Each structure stands twice: as structure tokens, then as C-alpha cells.
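Engineer: The file below is protein36.cif, mmCIF, C-alpha atoms:
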```cif
data_target
loop_
_atom_site.label_atom_id
_atom_site.label_comp_id
_atom_site.auth_asym_id
_atom_site.auth_seq_id
_atom_site.Cartn_x
_atom_site.Cartn_y
_atom_site.Cartn_z
CA MET A 1 134.84 53.49 71.98
CA ARG A 2 132.55 55.94 70.19
CA LEU A 3 129.79 55.17 72.63
CA ALA A 4 132.15 55.75 75.58
CA ARG A 5 133.20 59.08 74.08
CA ALA A 6 129.59 60.12 73.48
CA THR A 7 128.60 59.15 77.02
CA LEU A 8 131.54 61.07 78.42
CA ILE A 9 130.69 64.24 76.46
CA TRP A 10 127.04 64.17 77.52
CA ALA A 11 127.95 63.40 81.14
CA ALA A 12 130.42 66.29 81.20
CA LEU A 13 127.81 68.65 79.76
CA ALA A 14 125.19 67.51 82.28
CA ALA A 15 127.69 67.97 85.13
CA ALA A 16 128.79 71.41 83.91
CA ILE A 17 125.19 72.65 84.01
CA CYS A 18 123.65 70.59 86.84
CA LEU A 19 126.47 70.95 89.40
CA PRO A 20 126.24 74.78 89.58
CA ILE A 21 122.45 74.45 89.89
CA ALA A 22 122.81 71.85 92.65
CA PHE A 23 125.36 73.98 94.55
CA ALA A 24 123.10 77.04 94.22
CA ALA A 25 120.15 74.98 95.48
CA ALA A 26 122.20 74.26 98.61
CA SER A 27 123.08 77.94 99.19
CA PRO A 28 122.31 79.19 102.71
CA LEU A 29 121.15 82.49 101.18
CA LEU A 30 117.97 80.81 99.92
CA GLU A 31 116.64 80.71 103.47
CA TRP A 32 116.22 84.49 103.44
CA ARG A 33 114.78 84.83 99.95
CA ASP A 34 111.16 84.56 98.86
CA PRO A 35 110.07 82.16 96.06
CA VAL A 36 109.91 84.82 93.33
CA TYR A 37 113.48 85.94 94.02
CA ILE A 38 114.68 82.32 94.12
CA LEU A 39 112.94 81.57 90.81
CA ALA A 40 114.49 84.67 89.22
CA GLY A 41 117.97 83.63 90.38
CA PHE A 42 117.68 80.08 89.07
CA ALA A 43 116.28 81.34 85.76
CA GLY A 44 119.55 83.28 85.44
CA ILE A 45 121.67 80.17 86.16
CA ILE A 46 119.65 78.11 83.68
CA ALA A 47 120.09 80.87 81.07
CA LEU A 48 123.88 80.58 81.56
CA GLY A 49 123.58 76.81 81.05
CA VAL A 50 121.61 77.36 77.82
CA VAL A 51 124.35 79.71 76.60
CA LEU A 52 126.77 76.76 76.98
CA VAL A 53 124.49 74.36 75.07
CA GLN A 54 123.86 76.75 72.15
CA PRO A 55 127.32 76.80 70.53
CA LEU A 56 127.75 73.04 71.15
CA LEU A 57 124.49 72.34 69.28
CA ILE A 58 125.12 74.60 66.33
CA GLY A 59 128.77 73.59 66.04
CA GLY A 60 127.76 69.92 65.87
CA TYR A 61 130.02 68.99 68.80
CA LEU A 62 127.38 66.95 70.62
CA PRO A 63 127.36 63.30 69.61
CA GLY A 64 123.97 61.82 68.64
CA PRO A 65 121.61 64.24 66.94
CA SER A 66 121.87 64.88 63.19
CA ALA A 67 122.95 68.33 62.02
CA TYR A 68 119.30 69.11 61.20
CA ARG A 69 118.05 68.07 64.63
CA ALA A 70 120.87 69.91 66.38
CA ARG A 71 119.98 73.08 64.46
CA ARG A 72 116.29 72.69 65.36
CA ALA A 73 117.28 72.19 69.00
CA HIS A 74 119.43 75.36 68.79
CA HIS A 75 116.34 77.32 67.69
CA TRP A 76 114.20 75.91 70.50
CA MET A 77 116.92 76.52 73.06
CA GLY A 78 117.12 80.10 71.80
CA GLY A 79 113.42 80.44 72.62
CA ALA A 80 114.05 78.88 76.03
CA LEU A 81 116.84 81.43 76.62
CA VAL A 82 114.42 84.28 75.93
CA VAL A 83 111.91 82.78 78.39
CA ALA A 84 114.61 82.29 81.05
CA VAL A 85 115.90 85.87 80.89
CA VAL A 86 112.33 87.25 80.90
CA ILE A 87 111.63 85.25 84.10
CA HIS A 88 114.98 86.49 85.51
CA VAL A 89 114.22 90.17 84.81
CA VAL A 90 110.52 90.08 85.80
CA GLY A 91 111.28 88.12 88.98
CA LEU A 92 113.96 90.59 90.04
CA TRP A 93 111.65 93.48 89.19
CA ILE A 94 108.97 92.05 91.49
CA THR A 95 111.57 91.45 94.23
CA SER A 96 112.91 95.03 94.22
CA PRO A 97 111.49 97.39 91.56
CA PRO A 98 113.91 100.30 92.22
CA ASP A 99 116.99 98.07 91.90
CA MET A 100 115.71 96.60 88.61
CA ILE A 101 114.83 100.05 87.23
CA ASP A 102 118.38 101.23 88.11
CA ALA A 103 119.81 98.23 86.25
CA LEU A 104 117.66 98.70 83.13
CA THR A 105 118.44 102.43 82.96
CA PHE A 106 122.20 101.79 83.45
CA THR A 107 122.23 103.79 86.71
CA SER A 108 122.83 100.85 89.03
CA PRO A 109 125.74 101.00 91.49
CA THR A 110 126.45 97.30 90.91
CA PRO A 111 129.19 96.79 88.28
CA PHE A 112 127.63 93.58 86.91
CA SER A 113 124.25 95.09 86.02
CA PRO A 114 125.11 96.73 82.65
CA PHE A 115 126.74 93.50 81.44
CA GLY A 116 123.56 91.56 82.17
CA VAL A 117 121.27 94.18 80.67
CA VAL A 118 123.31 94.43 77.45
CA ALA A 119 123.30 90.63 77.17
CA VAL A 120 119.50 90.57 77.61
CA TRP A 121 119.01 93.12 74.81
CA ALA A 122 121.34 91.11 72.58
CA ILE A 123 119.29 87.96 73.31
CA PHE A 124 116.07 89.80 72.36
CA ALA A 125 117.76 91.17 69.23
CA VAL A 126 118.83 87.70 68.07
CA ALA A 127 115.34 86.31 68.76
CA LEU A 128 113.68 89.07 66.69
CA LEU A 129 116.25 89.04 63.88
CA ALA A 130 115.89 85.25 63.63
CA PHE A 131 112.61 85.85 61.80
CA PHE A 132 114.63 87.31 58.89
CA ARG A 133 117.10 84.43 58.83
CA ARG A 134 115.51 82.70 55.80
CA ARG A 135 115.17 85.94 53.83
CA TRP A 136 118.77 86.97 54.49
CA GLY A 137 120.44 83.66 53.81
CA LEU A 138 122.91 81.82 55.98
CA ARG A 139 125.97 84.03 55.33
CA THR A 140 124.28 87.33 56.23
CA TRP A 141 122.56 85.71 59.21
CA ARG A 142 125.90 84.50 60.55
CA ILE A 143 127.43 87.98 60.16
CA VAL A 144 124.48 89.41 62.16
CA HIS A 145 124.21 86.61 64.72
CA MET A 146 127.85 86.09 65.64
CA PRO A 147 128.65 89.55 67.08
CA LEU A 148 125.39 89.46 69.05
CA ALA A 149 126.24 85.95 70.30
CA ALA A 150 129.65 87.25 71.40
CA VAL A 151 127.94 90.08 73.31
CA ILE A 152 125.58 87.56 74.98
CA VAL A 153 128.44 85.27 75.99
CA VAL A 154 130.81 87.96 77.29
CA GLY A 155 128.01 89.97 78.91
CA GLY A 156 126.50 86.89 80.55
CA VAL A 157 129.82 85.54 81.82
CA VAL A 158 131.03 88.87 83.28
CA HIS A 159 127.57 89.44 84.80
CA ALA A 160 127.62 86.03 86.50
CA MET A 161 131.22 86.22 87.71
CA LEU A 162 130.81 89.64 89.37
CA ILE A 163 127.67 88.66 91.28
CA GLU A 164 127.84 87.58 94.89
CA GLY A 165 124.79 85.40 95.14
CA THR A 166 123.64 81.81 95.51
CA MET A 167 126.08 80.33 92.96
CA GLU A 168 129.15 78.55 94.38
CA THR A 169 132.35 80.21 93.09
CA ILE A 170 134.27 77.27 91.57
CA SER A 171 131.33 75.62 89.78
CA LYS A 172 130.30 79.06 88.52
CA ALA A 173 133.80 79.82 87.22
CA ALA A 174 134.00 76.40 85.54
CA LEU A 175 130.64 76.89 83.80
CA CYS A 176 131.68 80.38 82.68
CA ALA A 177 135.01 79.09 81.33
CA LEU A 178 133.20 76.37 79.36
CA VAL A 179 130.69 78.93 78.01
CA LEU A 180 133.57 81.13 76.79
CA GLY A 181 135.52 78.16 75.41
CA ALA A 182 132.54 76.73 73.49
CA ALA A 183 131.70 80.14 72.00
CA VAL A 184 135.29 80.82 70.91
CA LYS A 185 135.58 77.32 69.39
CA VAL A 186 132.36 77.49 67.35
CA MET A 187 133.02 81.03 66.16
CA ALA A 188 136.56 80.14 65.06
CA ASP A 189 135.16 77.13 63.17
CA VAL A 190 132.37 79.14 61.52
CA VAL A 191 134.74 81.93 60.48
CA ARG A 192 137.16 79.38 59.02
CA ARG A 193 134.30 77.72 57.10
CA MET A 194 133.02 81.08 55.82
CA ARG A 195 136.51 82.03 54.59
CA ALA A 196 136.89 78.67 52.86
CA THR A 197 133.46 79.07 51.22
CA SER A 198 134.15 82.59 49.98
CA ARG A 199 137.49 81.48 48.55
CA GLY A 200 135.71 78.60 46.85
CA GLU A 201 133.09 80.96 45.38
CA ARG A 202 135.75 83.24 43.97
CA VAL A 203 137.44 80.30 42.27
CA ALA A 204 134.16 78.94 40.93
CA SER A 205 132.68 82.23 39.70
CA PRO A 206 133.30 83.19 36.07
CA PRO A 207 135.80 86.01 35.41
CA MET B 1 110.83 127.25 68.48
CA THR B 2 114.50 126.42 68.83
CA THR B 3 116.22 124.11 66.49
CA ILE B 4 119.02 122.12 68.06
CA VAL B 5 121.68 121.35 65.52
CA LEU B 6 123.50 118.17 66.30
CA ASN B 7 126.81 118.05 64.53
CA ARG B 8 130.26 116.90 65.52
CA ARG B 9 131.48 120.35 66.49
CA ASN B 10 128.47 121.08 68.72
CA ILE B 11 128.69 117.73 70.43
CA LEU B 12 132.43 118.13 71.03
CA ALA B 13 131.93 121.64 72.39
CA ALA B 14 129.05 120.53 74.63
CA GLY B 15 130.99 117.49 75.80
CA GLY B 16 134.03 119.62 76.53
CA SER B 17 132.08 122.15 78.57
CA VAL B 18 130.30 119.41 80.53
CA LEU B 19 133.68 117.81 81.24
CA ALA B 20 135.20 121.14 82.31
CA ALA B 21 132.23 121.94 84.56
CA GLY B 22 132.30 118.46 86.05
CA LEU B 23 136.04 118.55 86.74
CA SER B 24 136.00 122.00 88.31
CA GLY B 25 133.01 120.89 90.39
CA LEU B 26 135.02 117.96 91.66
CA LEU B 27 138.23 119.86 92.34
CA LEU B 28 137.27 123.35 93.45
CA PRO B 29 135.03 123.00 96.54
CA SER B 30 137.49 120.80 98.40
CA ARG B 31 140.21 123.41 97.91
CA ALA B 32 138.03 126.41 98.59
CA GLN B 33 135.98 125.19 101.58
CA GLY B 34 137.85 122.29 103.19
CA LEU B 35 135.78 119.16 103.77
CA ALA B 36 133.54 118.41 100.74
CA PRO B 37 129.95 117.26 101.30
CA THR B 38 129.08 113.60 100.76
CA GLU B 39 127.13 112.98 97.55
CA SER B 40 124.25 110.51 97.57
CA MET B 41 125.29 107.15 96.14
CA SER B 42 123.43 105.72 93.17
CA GLY B 43 120.79 103.24 94.33
CA GLY B 44 121.15 104.60 97.87
CA SER B 45 117.49 105.52 98.26
CA ASN B 46 116.14 102.20 96.97
CA ASN B 47 113.42 100.74 99.20
CA TYR B 48 113.62 103.76 101.55
CA ARG B 49 110.73 104.21 104.00
CA LYS B 50 110.51 107.77 105.23
CA GLY B 51 110.09 108.18 108.99
CA ALA B 52 111.39 104.87 110.30
CA PRO B 53 111.16 104.89 114.12
CA ILE B 54 114.17 105.53 116.38
CA VAL B 55 115.03 102.16 117.93
CA ASN B 56 117.62 100.77 120.34
CA ARG B 57 118.20 97.87 117.98
CA ILE B 58 116.70 96.61 114.70
CA GLY B 59 115.26 93.12 115.26
CA LYS B 60 117.44 90.69 117.18
CA GLY B 61 120.72 92.38 116.25
CA GLY B 62 124.14 90.74 115.80
CA PHE B 63 125.47 93.16 113.18
CA TRP B 64 126.76 96.70 113.77
CA MET B 65 126.22 99.66 111.49
CA SER B 66 128.24 102.68 112.54
CA GLY B 67 129.56 105.95 111.23
CA THR B 68 129.93 109.69 111.71
CA VAL B 69 128.05 112.83 110.73
CA ARG B 70 130.03 116.03 110.15
CA ARG B 71 129.41 119.42 108.66
CA ALA B 72 130.85 120.21 105.25
CA GLY B 73 133.65 122.78 105.21
CA ASP B 74 134.98 122.82 108.78
CA GLY B 75 134.18 119.17 109.58
CA THR B 76 132.44 119.94 112.90
CA PRO B 77 130.79 116.77 114.35
CA LEU B 78 126.99 117.11 114.27
CA ALA B 79 125.21 115.83 117.39
CA GLY B 80 121.60 114.64 117.56
CA GLN B 81 121.28 113.95 113.83
CA ARG B 82 118.78 111.29 112.83
CA ILE B 83 120.23 108.55 110.58
CA GLN B 84 117.94 105.92 109.08
CA ILE B 85 119.30 102.46 108.34
CA TRP B 86 117.87 99.56 106.35
CA ALA B 87 119.09 96.43 104.55
CA HIS B 88 118.19 92.94 103.44
CA THR B 89 118.94 90.91 106.57
CA THR B 90 118.35 87.50 108.09
CA GLU B 91 115.13 88.94 109.51
CA GLY B 92 113.59 90.55 106.47
CA GLN B 93 113.82 92.00 102.99
CA GLU B 94 114.89 95.55 102.25
CA HIS B 95 111.39 96.93 101.70
CA GLU B 96 109.83 95.36 104.80
CA PRO B 97 109.16 97.65 107.80
CA GLN B 98 111.00 95.44 110.31
CA SER B 99 114.21 95.90 108.30
CA HIS B 100 114.17 99.66 108.95
CA GLY B 101 115.22 101.71 111.96
CA ALA B 102 116.76 105.04 112.92
CA THR B 103 119.25 106.29 115.48
CA LEU B 104 120.70 109.64 116.64
CA THR B 105 124.33 110.77 116.60
CA ASP B 106 126.04 111.38 119.96
CA LYS B 107 127.91 114.57 120.97
CA ASP B 108 130.91 113.49 118.85
CA GLY B 109 128.71 113.09 115.76
CA LYS B 110 128.99 109.29 115.96
CA PHE B 111 126.18 106.79 115.49
CA ARG B 112 126.05 103.04 116.04
CA LEU B 113 123.01 100.79 115.63
CA GLU B 114 122.75 97.05 116.09
CA MET B 115 120.76 95.23 113.42
CA PRO B 116 120.37 91.69 112.03
CA GLN B 117 123.13 90.22 109.82
CA ILE B 118 123.13 91.73 106.32
CA ILE B 119 122.68 89.17 103.51
CA PRO B 120 123.82 89.69 99.89
CA ILE B 121 120.90 90.99 97.84
CA PHE B 122 120.91 91.87 94.16
CA GLY B 123 124.44 90.55 93.89
CA GLN B 124 126.14 92.56 96.66
CA PRO B 125 126.06 92.47 100.47
CA HIS B 126 125.19 96.11 101.20
CA GLY B 127 123.37 98.40 103.58
CA HIS B 128 121.44 101.63 103.13
CA LEU B 129 121.61 104.80 105.22
CA ALA B 130 119.79 108.07 104.94
CA TYR B 131 120.04 111.55 106.39
CA ASP B 132 116.67 113.08 105.52
CA SER B 133 115.68 115.52 108.28
CA GLY B 134 115.59 118.78 106.34
CA GLU B 135 118.16 120.95 108.15
CA PHE B 136 120.89 119.73 105.81
CA LYS B 137 120.68 118.45 102.26
CA THR B 138 119.35 114.86 102.07
CA VAL B 139 122.01 112.18 101.56
CA PHE B 140 121.46 108.49 100.77
CA LEU B 141 124.39 106.08 101.17
CA ARG B 142 124.77 102.50 100.02
CA PRO B 143 128.00 101.03 101.47
CA VAL B 144 129.07 97.56 100.28
CA MET B 145 130.63 94.97 102.61
CA ARG B 146 134.04 93.62 101.55
CA SER B 147 132.77 90.14 102.39
CA ALA B 148 129.33 88.76 103.19
CA ARG B 149 130.87 87.23 106.35
CA GLU B 150 131.63 90.61 107.92
CA THR B 151 129.52 91.56 110.92
CA SER B 152 129.86 95.32 110.75
CA LEU B 153 129.74 98.14 108.22
CA GLU B 154 130.59 101.84 108.32
CA ALA B 155 129.23 104.87 106.50
CA HIS B 156 130.17 108.51 106.95
CA PHE B 157 128.14 111.62 106.24
CA VAL B 158 129.43 115.12 105.50
CA LEU B 159 126.36 117.32 105.27
CA GLN B 160 125.82 120.71 103.67
CA PRO B 161 123.03 123.15 104.58
CA ALA B 162 119.82 122.54 102.63
#
```
Can you turn what I pasted into C-alpha cells?

Structural biologist:
Amino acid sequence: MRLARATLIWAALAAAICLPIAFAAASPLLEWRDPVYILAGFAGIIALGVVLVQPLLIGGYLPGPSAYRARRAHHWMGGALVVAVVIHVVGLWITSPPDMIDALTFTSPTPFSPFGVVAVWAIFAVALLAFFRRRWGLRTWRIVHMPLAAVIVVGGVVHAMLIEGTMETISKAALCALVLGAAVKVMADVVRRMRATSRGERVASPP
Amino acid sequence: MTTIVLNRRNILAAGGSVLAAGLSGLLLPSRAQGLAPTESMSGGSNNYRKGAPIVNRIGKGGFWMSGTVRRAGDGTPLAGQRIQIWAHTTEGQEHEPQSHGATLTDKDGKFRLEMPQIIPIFGQPHGHLAYDSGEFKTVFLRPVMRSARETSLEAHFVLQPA
């Protein structure tokens, strides 16, 4: 029964990420795009998939890996997310420099651009601040990381939903809904745990 | 040397005056002079190639870009005005020379140029148009198609003297 449940969870996760990629790979638009542009687009889709995996790993919702391994995987996936968005931005820059400059300077006519750019800066911020994680301690780190994670999730999802590109609409919407759901779930759990801990500390500490 | 003091009062005052100037700029000319000139759209000049040749058709065609050119104020149609058109199409990317072409307005200030089907690029199916001949102020437009399946797109210019 546990094995069936584990298999089901992993299969659902694989489908949620691989189906949008497969649909995008079948998009007729690819015929009129050059390899760099195609690579940049898929790097963006993969980044969205990583944003789904991240809360599932750190929340311990994925059956199999120990909490330690899941946390290590979360760190590595964070690095992968940085690489994916760098490929996304650089690839789009090469494809059309003026459009990318407009996006990065918040002067783009496309409504989705600022959401993506803000999410990218939040991803870079988390990656840099992660070096201070040990020094700060878990509680402070969570207070820093969670708002940035919320910005990444909301920014990324709005960015993806507003784009008319290679992604197929329904599989894109489903992936975005799961990304939002996973983020809300893990943040609610973490906040509940932090409240419980702080209550516990107050009880335990001497008067 | 000037020292700029940034405090709340200064910022509010500056913001207020910018807002007032911006609003009066938006409201006044249309009342005072009739038809207001078209402003360039943000991103409109992206991948522009100055001096694209006048053509009967860009590439193999199949998609129609059309519009009008009028004079600001009285709205008189402007004949013989050169409009440049470019887009990411089934036959090339935005920056490539074969994706660019120009046409002239007729006696009613109308233009119409056949071009290859526009394909969504950078997240939106859109075209680019430019008036950049010097007699009037340069205007770059970037109209967006309601759907990528549409086979035509319109853009309208209201020009003011340079």
C-alpha cells in the first residue's frame, strides 16, 4: 500500500513536469525558432518544474529520501534553478537583445516580463543569501527565504501564464496550479512549526 | 555644486508636479488641437532596420498588415507616406532583412502590405511598424494580435510635424 502510494506520488510528479515539456516539444512554433531560442524557452519550462520540486523536497512530501537527503537535494535543485534561469535569460538576450534589455529595465510592453525579472532577482538573492544560512541559523534563514520563495513562485507562475509561447495551455495551467499549491502547503506547514517552536521556547525558558 | 535634498516633502512635491504635468499633457492637446498625435509604443523600435526597401509583398505573403496615416490636429489623410513593417514570421526572425519591407500610403492615407504569417515571439504575436522619414516626428508602433491564428493586423498613425 505504501509502495503503491509512493509510486503514485512520483508518477504524478513526473507527469506534472514531463507532460508540459512534451507538449512544448510538439509545439508548431518550434519550426520557426532557432536552437538558442528553443533552448532558452525550455530552460524556462524546466525552471518552473524545479520550482514545483523545491517545496516538495523541503517539506518532506516526497516518499523515499531521508529528510537529510531531501534537504541536500533541495540545495542542489536550487543551484539547478539558478543555472536554468541564467540559460533562459542569456538565450533570450542572444535571440533578441533589445527585447531582453527592455525586460531587464522594466520598460517592456509585455505584461509578463516584470514578473519574470523580479522572480529571477529573487532566485539570485536566495542563492547568494544561502551562503549565510549556517551563520544565521534555521529560524532567521526561514524568515529570509520564505518571502523570497513566495516572490519566485508567484512571479514565475504569473510570468508563465501570461506568455503565449510553446507551452500548451492546460498542461501549463496544471503545472502552475501545482507549483502554487505546493508552495502554499509547505509555507503553511513551516509557519505552523515555527509558531509551535516559539511557543515551546517561551514555555521552556526561565522567567 | 548643487545638493539635492531628498526628503518626504520634496519627493511628494516632485511627484505631484510630475503627475500634474503628465495629466495635463494627456488631457490638454486633444481638447485644444483635435486629433492627438500617436506616441511611439514601448519596444516598438526593437530590431528596426532603417531604410528597408519598398516592396509589393514581404516574402511569400499570406498575412495582411494595414492601417492609416493622418495628420495630428485636423486628421487630414497623408498620402505617399513611407511605412516600414517587420515581424517574426514563418519566413524569418524579426532582425533578419527578409522580414522587413516598406510601403507607401495611397491618396486616402491608407496602407496595406502583404507579408508572411506572424508567429508569437517573446511571448506575444505582434508586428512592428515605423514612420521614420523626417517630415513628421518618428513613430514606432508595436500592435499585438488578439490571437496567433489571426491573419491580419492593423496599426494607425497620427503624425505631428518634426

Engineer: Quick one: which region 72-111 of chain B residues come within 12 Å of region 12-33 of chain A, and what is the nearest atom pair for each with the distance in Å to one decimal, counting all atoms listed in the file, rows ordered by chain and ascending number, as CSV?

Structural biologist:
```
residue,atom,partner,partner_atom,distance
B:His88,CA,A:Trp32,CA,8.7
B:Thr89,CA,A:Trp32,CA,7.6
B:Thr90,CA,A:Trp32,CA,5.9
B:Glu91,CA,A:Trp32,CA,7.6
B:Gly92,CA,A:Trp32,CA,7.3
B:Gln93,CA,A:Arg33,CA,7.8
B:Glu94,CA,A:Arg33,CA,11.0
```

Engineer: Counting all atoms listed in the file, which residues in chain A sit no more than 6 Å from chain B? For each one, give the nearest pair of atoms and the distance in Å, sorted by chain then residue number, as CSV.

Structural biologist:
```
residue,atom,partner,partner_atom,distance
A:Trp32,CA,B:Thr90,CA,5.9
A:Pro98,CA,B:Asn46,CA,5.6
A:Pro109,CA,B:Ser42,CA,5.5
A:Ile163,CA,B:Gly123,CA,4.6
A:Glu164,CA,B:Gly123,CA,4.6
A:Gly165,CA,B:Gly123,CA,5.3
```

Engineer: Please determine, counting all atoms listed in the file, which residue among A:Trp141, A:Phe112, A:Trp121, A:Trp93 has the shortest atom-to-atom distance to His159 (chain A).

Structural biologist: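 For His159 (chain A), the nearest of the given residues is A:Phe112.
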
Engineer: For CA of Ala79 (chain B) and CA of His128 (chain B), quote the distance in Å rounded to one decimal.

Structural biologist: 20.5 Å

Engineer: Convert the output of the PyMOL selection byres ((chain A and resi 143) around 12) on the shown file into explicit residues, formatted as a list in words.

Structural biologist: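 Taken over the shown coordinates, the PyMOL selection byres ((chain A and resi 143) around 12) returns Val126, Leu129, Arg133, Trp136, Gly137, Leu138, Arg139, Thr140, Trp141, Arg142, Val144, His145, Met146, Pro147, Leu148, Ala149, Ala150, Met187, Val190, Val191 and Met194 of chain A.
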
Engineer: Excluding Leu62 (chain A) and any residue of its chain fewer than 3 positions from it, enumerate the residues within 10 Å of it, using all atoms listed in the file, and give them as a short mmCIF file (atom, residue, chain, number, x, y, z; two decimals) with C-alpha atoms, keeping the file's coordinate frame.

Structural biologist:
```cif
data_model
loop_
_atom_site.label_atom_id
_atom_site.label_comp_id
_atom_site.auth_asym_id
_atom_site.auth_seq_id
_atom_site.Cartn_x
_atom_site.Cartn_y
_atom_site.Cartn_z
CA ALA A 6 129.59 60.12 73.48
CA ILE A 9 130.69 64.24 76.46
CA TRP A 10 127.04 64.17 77.52
CA LEU A 13 127.81 68.65 79.76
CA VAL A 53 124.49 74.36 75.07
CA PRO A 55 127.32 76.80 70.53
CA LEU A 56 127.75 73.04 71.15
CA LEU A 57 124.49 72.34 69.28
CA ILE A 58 125.12 74.60 66.33
CA GLY A 59 128.77 73.59 66.04
CA PRO A 65 121.61 64.24 66.94
CA SER A 66 121.87 64.88 63.19
CA ALA A 67 122.95 68.33 62.02
CA ALA A 70 120.87 69.91 66.38
#
```

Engineer: Separation of CA of Ala4 (chain A) and CA of Ala177 (chain A), in Å?

Structural biologist: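 Going from CA of Ala4 (chain A) over to CA of Ala177 (chain A), I get 24.2 Å.
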
Engineer: Quick one: distance from CA of Arg82 (chain B) to CA of Thr105 (chain B) in Å, one decimal?

Structural biologist: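 Going from CA of Arg82 (chain B) over to CA of Thr105 (chain B) covers 6.7 Å.
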
Engineer: Here's the selection I'm unsure about, the PyMOL selection byres ((chain A and resi 173) around 12); applied to the file above, which residues does it give, as a PyMOL selection string?

Structural biologist: chain A and resi 16-17+19-20+48+157-163+167-172+174-180

Engineer: Taking the file above as input, evaluate the PyMOL selection byres ((chain A and resi 72-87) around 9) and report the hits as JSON, numbers by chain.

Structural biologist: {"A": [39, 40, 42, 43, 44, 45, 46, 47, 48, 50, 51, 53, 54, 55, 56, 57, 58, 67, 68, 69, 70, 71, 88, 89, 90, 91, 92, 120, 123, 124, 126, 127, 130]}

Engineer: Give me the residues near Arg57 (chain B) as a list in words, where near means some atom within 10 Å (using all atoms listed in the file) and where sequence neighbours in that chain fewer than 4 positions away do not count.

Structural biologist: Gly61, Gly62, Phe63, Trp64, Gly101, Ala102, Thr103, Arg112, Leu113, Glu114, Met115 and Pro116 of chain B

Engineer: For the residues in the current selection, export C-alpha atoms as a PDB file, keeping the file's coordinate frame.

Structural biologist:
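Listed below is the output, out-v2.pdb:
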```
ATOM      1  CA  GLY B  61     120.720  92.380 116.250  1.00  0.00           C
ATOM      2  CA  GLY B  62     124.140  90.740 115.800  1.00  0.00           C
ATOM      3  CA  PHE B  63     125.470  93.160 113.180  1.00  0.00           C
ATOM      4  CA  TRP B  64     126.760  96.700 113.770  1.00  0.00           C
ATOM      5  CA  GLY B 101     115.220 101.710 111.960  1.00  0.00           C
ATOM      6  CA  ALA B 102     116.760 105.040 112.920  1.00  0.00           C
ATOM      7  CA  THR B 103     119.250 106.290 115.480  1.00  0.00           C
ATOM      8  CA  ARG B 112     126.050 103.040 116.040  1.00  0.00           C
ATOM      9  CA  LEU B 113     123.010 100.790 115.630  1.00  0.00           C
ATOM     10  CA  GLU B 114     122.750  97.050 116.090  1.00  0.00           C
ATOM     11  CA  MET B 115     120.760  95.230 113.420  1.00  0.00           C
ATOM     12  CA  PRO B 116     120.370  91.690 112.030  1.00  0.00           C
TER      13      PRO B 116
END
```

Engineer: Determine, counting only C-alpha atoms, which protein, DNA and RNA residues have an atom within 10 Å of an atom of Thr68 (chain B); residues of the same chain fewer than 4 positions away are not included. Present the result as a list in words.

Structural biologist: Pro77, Leu78, Ala79, Gln81, Ile83, Thr105, Asp106, Asp108, Gly109, Lys110, Phe111, Arg112, Glu154, Ala155, His156, Phe157 and Val158 of chain B

Engineer: Name all residues at most 6 Å from Ala130 (chain B) (count all atoms listed in the file; drop same-chain ones fewer than 6 positions away) and give them as JSON, numbers by chain.

Structural biologist: {"B": [83, 84, 139, 140]}

Engineer: Which residue gives the smallest distance to Ser66 (chain B) among B:Gly134, B:Glu96, B:Glu39, B:Ile85, with only C-alpha atoms counted?

Structural biologist: B:Ile85
